[in-house]
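Structure file run_15.cif (mmCIF, C-alpha atoms and all ligand atoms) follows.
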data_data
#
loop_
_atom_site.label_atom_id
_atom_site.label_comp_id
_atom_site.auth_asym_id
_atom_site.auth_seq_id
_atom_site.Cartn_x
_atom_site.Cartn_y
_atom_site.Cartn_z
CA MET A 16 23.23 -9.67 10.17
CA GLU A 17 20.14 -10.12 7.99
CA ILE A 18 17.46 -7.43 8.37
CA GLY A 19 14.09 -7.40 6.66
CA ILE A 20 10.38 -8.17 6.74
CA ASP A 21 9.51 -10.50 9.60
CA LYS A 22 5.71 -10.13 9.40
CA ILE A 23 3.28 -8.55 6.95
CA GLY A 24 -0.38 -7.67 7.53
CA PHE A 25 -3.08 -6.22 5.31
CA PHE A 26 -6.47 -4.62 5.79
CA ALA A 27 -9.04 -3.08 3.46
CA PRO A 28 -12.53 -1.75 4.14
CA HIS A 29 -15.47 -4.12 3.82
CA MET A 30 -16.98 -2.46 0.75
CA TYR A 31 -16.09 -2.16 -2.91
CA VAL A 32 -17.49 -0.97 -6.20
CA ASP A 33 -17.26 -3.08 -9.33
CA MET A 34 -15.27 -1.36 -12.09
CA THR A 35 -17.53 -2.59 -14.88
CA ASN A 36 -20.51 -0.96 -13.16
CA LEU A 37 -18.50 2.22 -12.58
CA ALA A 38 -17.51 2.31 -16.27
CA VAL A 39 -21.14 1.93 -17.38
CA ALA A 40 -22.20 4.72 -15.00
CA ARG A 41 -19.43 6.96 -16.39
CA GLY A 42 -20.30 6.18 -20.00
CA VAL A 43 -16.98 4.51 -20.85
CA GLU A 44 -16.34 1.04 -22.19
CA PRO A 45 -15.82 -1.40 -19.26
CA GLU A 46 -12.64 -2.72 -20.94
CA LYS A 47 -11.03 0.69 -20.47
CA PHE A 48 -11.11 0.13 -16.70
CA THR A 49 -10.71 -3.65 -16.59
CA ILE A 50 -8.02 -3.95 -19.32
CA GLY A 51 -6.71 -0.45 -20.13
CA ILE A 52 -6.34 0.45 -16.43
CA GLY A 53 -6.38 -3.15 -15.21
CA GLN A 54 -8.74 -2.81 -12.25
CA SER A 55 -11.71 -5.10 -11.47
CA GLN A 56 -12.89 -3.75 -8.10
CA MET A 57 -12.16 -0.64 -6.04
CA ALA A 58 -12.19 -0.65 -2.24
CA VAL A 59 -14.38 2.08 -0.72
CA ALA A 60 -13.79 3.33 2.82
CA PRO A 61 -16.83 4.08 4.98
CA ILE A 62 -16.74 7.21 7.12
CA THR A 63 -15.82 4.96 10.07
CA GLN A 64 -12.42 4.11 8.50
CA ASP A 65 -9.52 6.49 8.00
CA PRO A 66 -5.79 5.87 7.38
CA VAL A 67 -5.23 5.45 11.14
CA THR A 68 -7.90 2.77 11.58
CA LEU A 69 -7.00 0.96 8.34
CA ALA A 70 -3.39 0.69 9.52
CA ALA A 71 -4.31 -0.28 13.08
CA ASN A 72 -6.66 -3.01 11.79
CA ALA A 73 -3.89 -4.35 9.52
CA ALA A 74 -1.45 -4.43 12.44
CA LEU A 75 -3.92 -6.20 14.75
CA GLU A 76 -3.74 -9.35 12.64
CA ILE A 77 0.03 -9.77 12.97
CA LEU A 78 1.23 -8.42 16.31
CA ASP A 79 1.74 -10.66 19.34
CA GLU A 80 2.94 -9.90 22.87
CA GLU A 81 6.59 -10.47 21.94
CA ASP A 82 6.30 -7.86 19.15
CA ARG A 83 4.62 -5.45 21.55
CA ALA A 84 7.55 -5.81 23.95
CA GLN A 85 10.18 -5.35 21.25
CA ILE A 86 8.75 -2.66 18.97
CA ASP A 87 10.44 0.61 19.91
CA MET A 88 9.80 2.51 16.70
CA VAL A 89 6.59 3.11 14.73
CA LEU A 90 7.04 4.64 11.27
CA PHE A 91 3.80 5.53 9.51
CA GLY A 92 3.98 6.32 5.79
CA THR A 93 0.90 8.11 4.52
CA GLU A 94 -0.13 10.91 2.21
CA SER A 95 -3.71 11.08 3.43
CA GLY A 96 -2.87 11.72 7.07
CA ILE A 97 -5.49 13.20 9.35
CA ASP A 98 -3.47 15.91 11.08
CA ASN A 99 -0.79 18.37 9.97
CA SER A 100 0.89 18.21 13.37
CA LYS A 101 0.25 15.04 15.34
CA SER A 102 1.47 11.90 13.60
CA ALA A 103 -0.81 9.02 12.65
CA ALA A 104 1.87 6.81 14.23
CA VAL A 105 1.04 8.08 17.73
CA TYR A 106 -2.63 7.16 17.36
CA VAL A 107 -1.75 3.70 16.10
CA HIS A 108 0.84 3.22 18.82
CA HIS A 109 -1.92 3.82 21.39
CA LEU A 110 -4.63 1.79 19.61
CA LEU A 111 -2.31 -1.23 19.43
CA GLY A 112 -1.22 -0.98 23.04
CA LEU A 113 2.47 -0.68 22.19
CA LYS A 114 4.96 0.07 24.96
CA ALA A 115 5.54 3.73 25.80
CA GLU A 116 9.32 3.48 25.31
CA ALA A 117 9.03 3.91 21.56
CA ARG A 118 9.47 6.56 18.86
CA ALA A 119 6.38 7.22 16.72
CA VAL A 120 6.66 9.32 13.56
CA GLU A 121 4.77 9.96 10.32
CA LEU A 122 6.69 10.01 7.02
CA LYS A 123 5.54 11.72 3.85
CA GLN A 124 6.71 11.53 0.25
CA ALA A 125 3.62 10.46 -1.67
CA CYS A 126 3.56 6.70 -2.23
CA TYR A 127 7.20 6.37 -1.19
CA GLY A 128 6.50 6.93 2.55
CA ALA A 129 6.44 3.29 3.68
CA THR A 130 9.59 2.53 1.68
CA ALA A 131 11.31 5.39 3.50
CA GLY A 132 10.08 3.76 6.72
CA ILE A 133 11.62 0.41 5.79
CA GLN A 134 14.98 1.97 4.94
CA LEU A 135 15.06 3.94 8.21
CA ALA A 136 14.02 0.83 10.10
CA LYS A 137 16.95 -1.09 8.64
CA GLY A 138 19.38 1.51 10.01
CA HIS A 139 17.73 1.39 13.42
CA ILE A 140 17.85 -2.42 13.61
CA ALA A 141 21.50 -2.42 12.49
CA LEU A 142 22.29 -0.34 15.59
CA HIS A 143 19.84 -2.16 17.88
CA PRO A 144 19.45 -5.76 16.68
CA GLU A 145 17.11 -6.65 19.55
CA SER A 146 14.56 -4.00 18.47
CA LYS A 147 11.66 -4.36 16.09
CA VAL A 148 10.17 -1.56 13.99
CA LEU A 149 6.54 -1.35 12.93
CA VAL A 150 6.29 0.19 9.45
CA LEU A 151 2.81 1.14 8.23
CA GLY A 152 1.63 2.21 4.79
CA SER A 153 -1.98 3.33 4.85
CA ASP A 154 -4.03 5.59 2.60
CA ILE A 155 -7.34 6.47 1.08
CA ALA A 156 -6.78 7.56 -2.54
CA ARG A 157 -9.26 10.19 -3.68
CA TYR A 158 -9.32 12.04 -6.98
CA GLY A 159 -13.02 12.91 -6.98
CA LEU A 160 -16.19 11.60 -8.58
CA LYS A 161 -16.21 11.66 -12.39
CA THR A 162 -12.55 12.70 -12.66
CA SER A 163 -10.08 10.87 -14.90
CA GLY A 164 -8.30 9.62 -11.78
CA GLU A 165 -11.51 8.16 -10.31
CA SER A 166 -10.84 4.67 -11.66
CA THR A 167 -7.48 4.67 -9.82
CA GLN A 168 -8.81 5.33 -6.31
CA GLY A 169 -8.76 2.80 -3.46
CA ALA A 170 -8.33 2.37 0.29
CA GLY A 171 -6.31 0.05 2.50
CA ALA A 172 -3.17 -0.57 4.53
CA VAL A 173 -0.19 -2.89 4.59
CA VAL A 174 1.94 -3.06 7.73
CA MET A 175 5.24 -4.82 8.34
CA VAL A 176 7.40 -5.75 11.29
CA ILE A 177 11.03 -5.11 10.38
CA SER A 178 13.57 -7.04 12.43
CA ALA A 179 16.87 -8.87 12.48
CA ALA A 180 16.69 -12.53 11.39
CA PRO A 181 13.49 -11.81 9.41
CA ARG A 182 11.26 -14.76 8.65
CA ILE A 183 9.80 -13.53 5.33
CA LEU A 184 12.20 -11.40 3.25
CA ALA A 185 15.83 -10.50 4.07
CA LEU A 186 16.62 -7.17 2.44
CA ASP A 187 19.85 -6.61 0.52
CA ASN A 188 21.95 -3.46 0.85
CA ASP A 189 22.33 -2.51 -2.79
CA ASN A 190 19.47 -0.04 -3.18
CA ALA A 191 19.35 2.42 -6.08
CA PHE A 192 17.37 5.62 -5.62
CA LEU A 193 16.58 8.95 -7.23
CA SER A 194 14.83 12.23 -6.34
CA ASN A 195 13.68 14.97 -8.70
CA ASP A 196 11.35 17.93 -8.06
CA ILE A 197 8.48 17.44 -10.54
CA MET A 198 4.73 18.19 -10.50
CA ASP A 199 3.14 14.96 -11.66
CA PHE A 200 0.80 14.48 -8.68
CA TRP A 201 0.33 16.58 -5.56
CA ARG A 202 -2.26 17.53 -2.93
CA PRO A 203 -2.07 21.02 -1.41
CA ILE A 204 -2.97 21.07 2.28
CA TYR A 205 -6.28 22.83 1.56
CA SER A 206 -7.50 20.10 -0.78
CA GLU A 207 -9.25 16.81 0.03
CA GLN A 208 -8.51 15.57 -3.48
CA ALA A 209 -5.23 15.04 -5.31
CA PHE A 210 -4.27 17.02 -8.40
CA VAL A 211 -2.56 15.06 -11.13
CA ASP A 212 -1.02 15.43 -14.55
CA GLY A 213 -1.97 11.88 -15.47
CA LYS A 214 0.03 11.30 -18.64
CA PHE A 215 3.11 13.03 -17.22
CA SER A 216 2.86 10.91 -14.04
CA ASN A 217 2.83 7.74 -16.14
CA GLU A 218 5.88 8.88 -18.11
CA GLN A 219 7.79 9.83 -14.99
CA TYR A 220 6.99 6.55 -13.28
CA VAL A 221 8.53 4.65 -16.22
CA HIS A 222 11.46 7.08 -16.43
CA PHE A 223 12.24 6.67 -12.71
CA PHE A 224 12.08 2.89 -13.05
CA ASN A 225 14.48 2.93 -16.01
CA GLU A 226 16.89 5.23 -14.14
CA VAL A 227 17.01 3.29 -10.86
CA TRP A 228 17.18 -0.03 -12.68
CA LYS A 229 20.18 1.25 -14.70
CA GLN A 230 21.82 2.49 -11.50
CA TYR A 231 21.15 -0.85 -9.77
CA LYS A 232 22.60 -2.89 -12.64
CA GLU A 233 25.76 -0.75 -12.74
CA LYS A 234 26.16 -1.02 -8.99
CA THR A 235 25.62 -4.77 -8.67
CA GLY A 236 26.21 -6.39 -12.05
CA ASN A 237 22.85 -8.19 -11.58
CA ASP A 238 20.31 -8.33 -14.36
CA LEU A 239 16.70 -9.43 -14.87
CA ALA A 240 17.67 -13.12 -15.00
CA ASP A 241 18.67 -12.91 -11.30
CA PHE A 242 15.08 -12.23 -10.25
CA GLU A 243 12.21 -14.60 -9.63
CA ALA A 244 9.83 -11.64 -9.71
CA ILE A 245 9.76 -7.85 -9.61
CA CYS A 246 6.99 -6.15 -7.63
CA PHE A 247 5.94 -2.60 -8.45
CA HIS A 248 4.17 0.28 -6.83
CA LEU A 249 0.75 -0.21 -8.43
CA PRO A 250 -1.45 2.89 -8.74
CA TYR A 251 -3.36 0.60 -11.13
CA THR A 252 -2.24 -2.80 -12.33
CA LYS A 253 -1.37 -1.76 -15.89
CA MET A 254 1.20 0.77 -14.61
CA GLY A 255 3.90 -1.62 -13.41
CA TRP A 256 3.61 -3.54 -16.66
CA LYS A 257 4.21 -0.34 -18.64
CA ALA A 258 7.51 -0.01 -16.79
CA LEU A 259 8.53 -3.69 -16.80
CA ARG A 260 7.91 -4.13 -20.53
CA THR A 261 10.49 -1.44 -21.35
CA GLU A 262 13.27 -3.60 -19.87
CA LEU A 263 12.06 -7.12 -20.71
CA PRO A 264 13.45 -7.21 -24.28
CA ASN A 265 16.94 -7.15 -22.70
CA ALA A 266 16.32 -10.54 -21.04
CA ASP A 267 16.37 -14.09 -22.40
CA GLU A 268 13.06 -15.66 -23.30
CA SER A 269 12.55 -17.78 -20.18
CA THR A 270 13.32 -14.78 -17.93
CA GLN A 271 10.81 -12.73 -19.88
CA GLU A 272 8.14 -15.41 -19.49
CA ARG A 273 8.83 -15.84 -15.76
CA LEU A 274 8.81 -12.13 -14.95
CA LYS A 275 5.68 -11.56 -17.02
CA ALA A 276 3.79 -14.44 -15.38
CA ASN A 277 4.90 -13.46 -11.89
CA TYR A 278 4.03 -9.82 -12.55
CA GLN A 279 0.45 -10.93 -13.22
CA ILE A 280 0.33 -12.84 -9.93
CA SER A 281 1.79 -9.85 -8.08
CA THR A 282 -1.17 -7.71 -9.18
CA ALA A 283 -3.87 -10.08 -7.86
CA TYR A 284 -4.88 -8.20 -4.70
CA ASN A 285 -4.22 -4.71 -6.11
CA ARG A 286 -6.62 -5.43 -9.01
CA ASN A 287 -9.46 -5.73 -6.49
CA ILE A 288 -8.44 -2.95 -4.10
CA GLY A 289 -7.18 -0.04 -6.23
CA ASN A 290 -4.44 2.39 -5.33
CA ILE A 291 -3.59 2.43 -1.64
CA TYR A 292 -0.64 4.75 -2.29
CA THR A 293 2.01 3.95 0.37
CA GLY A 294 0.86 0.35 0.80
CA SER A 295 0.49 -0.48 -2.91
CA LEU A 296 3.97 -1.90 -3.53
CA TYR A 297 3.68 -4.06 -0.41
CA LEU A 298 0.20 -5.25 -1.39
CA SER A 299 1.78 -6.38 -4.65
CA LEU A 300 4.49 -8.22 -2.72
CA LEU A 301 1.78 -9.82 -0.58
CA SER A 302 -0.14 -10.92 -3.70
CA LEU A 303 2.98 -12.64 -4.98
CA LEU A 304 3.83 -14.29 -1.65
CA GLU A 305 0.30 -15.57 -1.05
CA GLN A 306 -0.89 -16.34 -4.58
CA LYS A 307 2.17 -17.87 -6.24
CA GLU A 308 1.92 -21.39 -4.94
CA ASP A 309 5.35 -22.65 -6.09
CA LEU A 310 7.38 -19.71 -4.78
CA GLN A 311 10.55 -21.05 -3.14
CA ALA A 312 12.75 -19.83 -0.30
CA GLY A 313 15.97 -18.38 -1.70
CA ALA A 314 14.15 -16.62 -4.56
CA LYS A 315 15.31 -13.06 -5.19
CA ILE A 316 12.54 -10.46 -5.40
CA GLY A 317 12.96 -6.93 -6.79
CA LEU A 318 10.84 -4.05 -5.51
CA PHE A 319 10.23 -0.74 -7.29
CA SER A 320 8.86 2.05 -5.13
CA TYR A 321 7.64 5.31 -6.69
CA GLY A 322 6.25 8.35 -4.88
CA SER A 323 5.14 11.21 -7.10
CA GLY A 324 6.85 14.51 -6.77
CA ALA A 325 9.10 12.40 -7.02
CA VAL A 326 11.30 9.77 -5.35
CA GLY A 327 11.95 6.32 -6.80
CA GLU A 328 13.86 3.38 -5.38
CA PHE A 329 14.75 -0.11 -6.52
CA PHE A 330 15.68 -2.57 -3.81
CA THR A 331 15.80 -6.31 -3.42
CA GLY A 332 15.37 -9.13 -0.96
CA THR A 333 15.65 -12.89 -0.60
CA LEU A 334 12.79 -15.11 0.54
CA GLN A 335 13.49 -16.92 3.79
CA PRO A 336 12.95 -20.63 4.59
CA GLY A 337 9.42 -21.24 5.87
CA PHE A 338 8.18 -17.76 4.84
CA GLN A 339 4.79 -19.31 3.95
CA ARG A 340 4.14 -20.01 7.65
CA MET A 341 4.30 -16.25 8.36
CA LEU A 342 1.48 -15.42 5.91
CA LYS A 343 -2.25 -14.96 6.53
CA LYS A 344 -3.43 -16.16 3.15
CA THR A 345 -6.75 -17.62 4.31
CA ASP A 346 -7.61 -14.50 6.32
CA HIS A 347 -6.92 -12.31 3.30
CA GLU A 348 -8.96 -14.50 0.98
CA ASN A 349 -11.81 -14.27 3.53
CA LEU A 350 -11.44 -10.51 3.62
CA PHE A 351 -12.03 -10.39 -0.14
CA ALA A 352 -14.82 -12.98 -0.06
CA THR A 353 -16.84 -11.22 2.65
CA ARG A 354 -16.74 -7.69 1.25
CA ARG A 355 -20.03 -6.09 0.28
CA GLU A 356 -20.53 -4.79 -3.25
CA LEU A 357 -21.89 -1.25 -3.46
CA THR A 358 -23.96 0.17 -6.25
CA VAL A 359 -22.40 3.18 -7.94
CA ALA A 360 -25.05 5.38 -6.28
CA GLU A 361 -24.12 3.99 -2.82
CA TYR A 362 -20.42 4.53 -3.52
CA GLU A 363 -21.05 8.14 -4.57
CA LYS A 364 -23.05 8.80 -1.40
CA ILE A 365 -20.31 7.32 0.82
CA PHE A 366 -17.63 9.24 -1.10
CA GLU A 367 -19.39 12.55 -0.31
CA GLU A 368 -19.70 11.83 3.44
CA THR A 369 -17.14 13.75 5.46
CA LEU A 370 -16.44 14.36 9.13
CA PRO A 371 -17.41 17.79 10.50
CA LYS A 372 -14.82 20.54 10.21
CA ASP A 373 -16.48 23.03 12.57
CA GLY A 374 -15.83 21.36 15.92
CA SER A 375 -19.34 19.94 16.18
CA THR A 376 -19.99 16.57 17.76
CA ILE A 377 -20.91 13.55 15.68
CA GLU A 378 -21.45 9.95 16.69
CA LEU A 379 -20.96 7.39 13.91
CA ASP A 380 -22.66 4.04 13.42
CA ILE A 381 -19.75 1.70 14.13
CA GLU A 382 -22.00 -1.37 14.21
CA SER A 383 -22.37 -1.25 10.43
CA ASP A 384 -18.57 -1.53 10.09
CA PRO A 385 -17.25 -5.04 10.88
CA ALA A 386 -13.71 -3.75 11.52
CA ALA A 387 -12.39 -4.01 15.07
CA ILE A 388 -10.95 -0.50 15.10
CA CYS A 389 -13.15 2.33 13.87
CA VAL A 390 -13.60 6.07 13.97
CA ALA A 391 -16.51 6.34 16.41
CA GLY A 392 -17.13 10.04 16.00
CA MET A 393 -15.75 13.53 16.49
CA GLN A 394 -15.84 15.98 19.32
CA ASP A 395 -14.01 19.31 19.84
CA ASN A 396 -12.10 18.79 16.57
CA LYS A 397 -10.78 15.43 17.82
CA ARG A 398 -11.36 12.07 16.18
CA LEU A 399 -12.66 9.46 18.59
CA TYR A 400 -11.27 6.00 17.94
CA ILE A 401 -12.61 2.78 19.27
CA ASN A 402 -11.27 -0.77 19.47
CA LYS A 403 -14.37 -2.96 19.73
CA GLU A 404 -12.25 -5.93 20.90
CA HIS A 405 -11.19 -3.96 23.98
CA LEU A 406 -14.83 -3.11 24.69
CA ILE A 407 -15.72 -6.81 24.54
CA GLU A 408 -12.77 -7.64 26.83
CA GLN A 409 -13.89 -4.98 29.34
CA LYS A 410 -17.50 -6.26 29.58
P1 LIG A 501 -7.43 8.45 -18.83
O1 LIG A 501 -7.07 9.63 -19.64
O2 LIG A 501 -8.80 8.37 -18.32
O3 LIG A 501 -7.21 7.11 -19.61
O4 LIG A 501 -6.42 8.39 -17.61
P2 LIG A 501 -6.49 6.83 -21.00
O5 LIG A 501 -7.26 7.46 -22.09
O6 LIG A 501 -5.04 7.11 -20.91
O7 LIG A 501 -6.76 5.26 -21.07
C1 LIG A 501 -6.15 4.42 -20.15
C2 LIG A 501 -5.77 3.14 -20.88
O8 LIG A 501 -6.97 2.46 -21.25
C3 LIG A 501 -5.00 3.38 -22.19
O9 LIG A 501 -4.04 2.37 -22.29
C4 LIG A 501 -6.07 3.19 -23.26
O10 LIG A 501 -5.56 2.79 -24.52
C5 LIG A 501 -6.88 2.07 -22.62
P3 LIG A 501 -2.48 2.74 -22.40
O11 LIG A 501 -2.31 3.47 -23.67
O12 LIG A 501 -2.20 3.65 -21.23
O13 LIG A 501 -1.78 1.44 -22.33
N1 LIG A 501 -8.25 1.92 -23.15
C6 LIG A 501 -8.81 0.74 -23.42
N2 LIG A 501 -8.32 -0.52 -23.32
C7 LIG A 501 -9.15 -1.55 -23.68
N3 LIG A 501 -10.41 -1.35 -24.15
C8 LIG A 501 -10.92 -0.12 -24.25
C9 LIG A 501 -10.12 0.99 -23.89
N4 LIG A 501 -10.29 2.33 -23.88
C10 LIG A 501 -9.15 2.89 -23.41
N5 LIG A 501 -12.17 0.04 -24.71
C11 LIG A 501 -4.84 7.82 -15.94
C12 LIG A 501 -5.72 7.29 -17.09
C13 LIG A 501 -4.10 6.65 -15.33
C14 LIG A 501 -3.84 8.84 -16.51
C15 LIG A 501 -5.76 8.50 -14.91
O14 LIG A 501 -6.63 7.54 -14.35
C16 LIG A 501 -4.99 9.17 -13.78
O15 LIG A 501 -4.59 10.33 -13.91
N6 LIG A 501 -4.78 8.47 -12.61
C17 LIG A 501 -4.03 9.01 -11.47
C18 LIG A 501 -2.54 9.15 -11.76
C19 LIG A 501 -1.82 7.84 -11.78
O16 LIG A 501 -2.29 6.82 -11.30
N7 LIG A 501 -0.58 7.86 -12.30
C20 LIG A 501 0.26 6.69 -12.31
C21 LIG A 501 1.75 7.02 -12.22
S1 LIG A 501 2.12 8.13 -10.87
C22 LIG A 501 2.07 7.13 -9.45
O17 LIG A 501 2.07 5.94 -9.55
C23 LIG A 501 2.01 7.81 -8.13
C24 LIG A 501 0.65 7.84 -7.47
O18 LIG A 501 0.36 6.57 -6.93
C25 LIG A 501 0.61 8.91 -6.39
C26 LIG A 501 1.67 8.90 -5.34
O19 LIG A 501 2.84 8.64 -5.54
O20 LIG A 501 1.29 9.31 -4.24
C27 LIG A 501 -0.46 8.16 -8.46
#

Before we go any further, please render this structure as structure tokens.
Ligand code: HMG
Amino acid sequence: MEIGIDKIGFFAPHMYVDMTNLAVARGVEPEKFTIGIGQSQMAVAPITQDPVTLAANAALEILDEEDRAQIDMVLFGTESGIDNSKSAAVYVHHLLGLKAEARAVELKQACYGATAGIQLAKGHIALHPESKVLVLGSDIARYGLKTSGESTQGAGAVVMVISAAPRILALDNDNAFLSNDIMDFWRPIYSEQAFVDGKFSNEQYVHFFNEVWKQYKEKTGNDLADFEAICFHLPYTKMGWKALRTELPNADESTQERLKANYQISTAYNRNIGNIYTGSLYLSLLSLLEQKEDLQAGAKIGLFSYGSGAVGEFFTGTLQPGFQRMLKKTDHENLFATRRELTVAEYEKIFEETLPKDGSTIELDIESDPAAICVAGMQDNKRLYINKEHLIEQK
């Protein structure tokens, strides 16, 4: 039985800051951000969006009534969750109107959370082929204003329906993975911002890729020539390249050219969104699927997932006939085209806005946010969520 990605949805907030403008404001050469880091724009979340709403908005675009009847598990990977007890999955389960007979759980291991969700989903579907699992990767990456990590922030969500007989990508069962307790990036529960040992995190990312790739090759006998493309977790678009280029010299010239060209295409959306942590690898996959026009069914795609702290995994899948029909390319291009550019001063102001932490009541301006699902306010230490489409239906 084939198991894999049947549907894939994406959502990002309606605002961004241009990286050239950010560089000028920070007194660094724009090329450092646009070439050295490889980012052109950075998505900025308004106070009316959080990881729950980003994920719920991404899921809205792909779920139909059949999915709602079949989804019996919701696995939410995030490292910027809103509650230390209640899972973000339960909120999303409610906001999407999923059936009550379902399990809803949040998974955490830095950017690896959604990958963990996919692997658990595969096991569940293998036991219950009639089920579908909703896997969500949603985050707001924050390092702080004027920090060295600032240029690698971002916000957004990618969600996937995992099922038997998947219509986009059938996943293979030859995964290679690795865990090691390191301090390259972490966020203690008292901190709104991540702490990072930037250079060490870059080194470890490459090291984990080399290790899981070696393990994968030994296990399967496959090599780079077997792949049409390899997608990477992309904290910034230069990072995956730093890893890929260490292995490319082992491939023949045409494989090198193909993987290099397809790597570029697989960074297209990430370049204009920034790091969305758990969703980043899947945003890269989406870039490849939607932006590489001559991609063919049957192509083998490699995926490298890395979550600081750290867990890495290399896994693979095969594109399914007609996968293009399952994509929302035009919607995603519209999402990018209709975003509003912020000045650096506006971005800084929005970055500093936070929800109350003292139990006081606040009502937010949801009309200025075009998203269907928003945080409408807070009361008694509870976030109040709203689905504007339901309100319209009720009128
Ligand atoms: P930095 O110290 O500001 O930058 O930090 P830099 O001095 O290393 O410069 C960056 C690149 O720009 C360098 O290229 C420079 O040469 C180049 P490289 O040597 O790396 O190839 N450069 C220029 N290029 C062209 N023209 C110029 C120019 N000037 C400089 N004029 C750093 C950069 C990424 C370390 C920082 O932003 C950071 O700490 N970010 C957060 C950590 C991170 O993203 N780590 C990635 C690996 S860990 C990971 O992926 C997991 C993560 O997603 C979290 C999770 O799992 O949850 C982060």

Worksheet entry | Computed interatomic separation between CA of Lys307 in chain A and CA of Gly152 in chain A (Å) | 22.9 Å

Discussion item. So that I can see what lies close to Ala136 in chain A, please list as a list in words the residues with an atom at most 9 Å from it, counting all atoms listed in the file and leaving out residues fewer than 5 positions away in the same chain.
Written reply: Gly19, Met88, Leu90, Ala131, Ala141, Lys147, Val148, Leu149, Val150, Ile177 and Ser178 of chain A

Item to complete: Please check which protein, DNA or RNA residues sit within 8 Å of ligand LIG 501 (chain A), counting all atoms listed in the file, and write them as a ChimeraX atom specification.
Response: /A:43-52,94,124-127,158,163-168,199-201,211-220,248-251,253-254,257,290-293,321-325

Could you produce a table of the residues of range 58-82 of chain A lying within 7 Å of range 381-392 of chain A, with the nearest pair of atoms per residue and their separation in Å rounded to one decimal, using all atoms listed in the file, ordered by chain and increasing residue number, as JSON lines?
{"residue": "A:Thr63", "atom": "CA", "partner": "A:Val390", "partner_atom": "CA", "distance": 4.6}
{"residue": "A:Gln64", "atom": "CA", "partner": "A:Cys389", "partner_atom": "CA", "distance": 5.7}
{"residue": "A:Thr68", "atom": "CA", "partner": "A:Ile388", "partner_atom": "CA", "distance": 5.7}
{"residue": "A:Ala71", "atom": "CA", "partner": "A:Ile388", "partner_atom": "CA", "distance": 6.9}
{"residue": "A:Asn72", "atom": "CA", "partner": "A:Ile388", "partner_atom": "CA", "distance": 6.0}

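Straight-line separation from CA of Ala58 in chain A to CA of Ser299 in chain A: 15.3 Å.
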
Practice prompt. Please identify all polymer residues within 9 Å of Thr270 in chain A, counting only C-alpha atoms, omitting same-chain residues fewer than 6 positions from it, and present them as a ChimeraX atom specification.
Written response: /A:239-243,263

Worksheet entry | Between CA of Leu111 in chain A and CA of Leu78 in chain A, distance in Å (one decimal) | 8.6 Å

Practice prompt. Considering all atoms listed in the file, state which residue in the set A:Ala258, A:Val107, A:Ile20, A:Ile377 is at the smallest distance from Leu300 in chain A.
Written response: A:Ile20
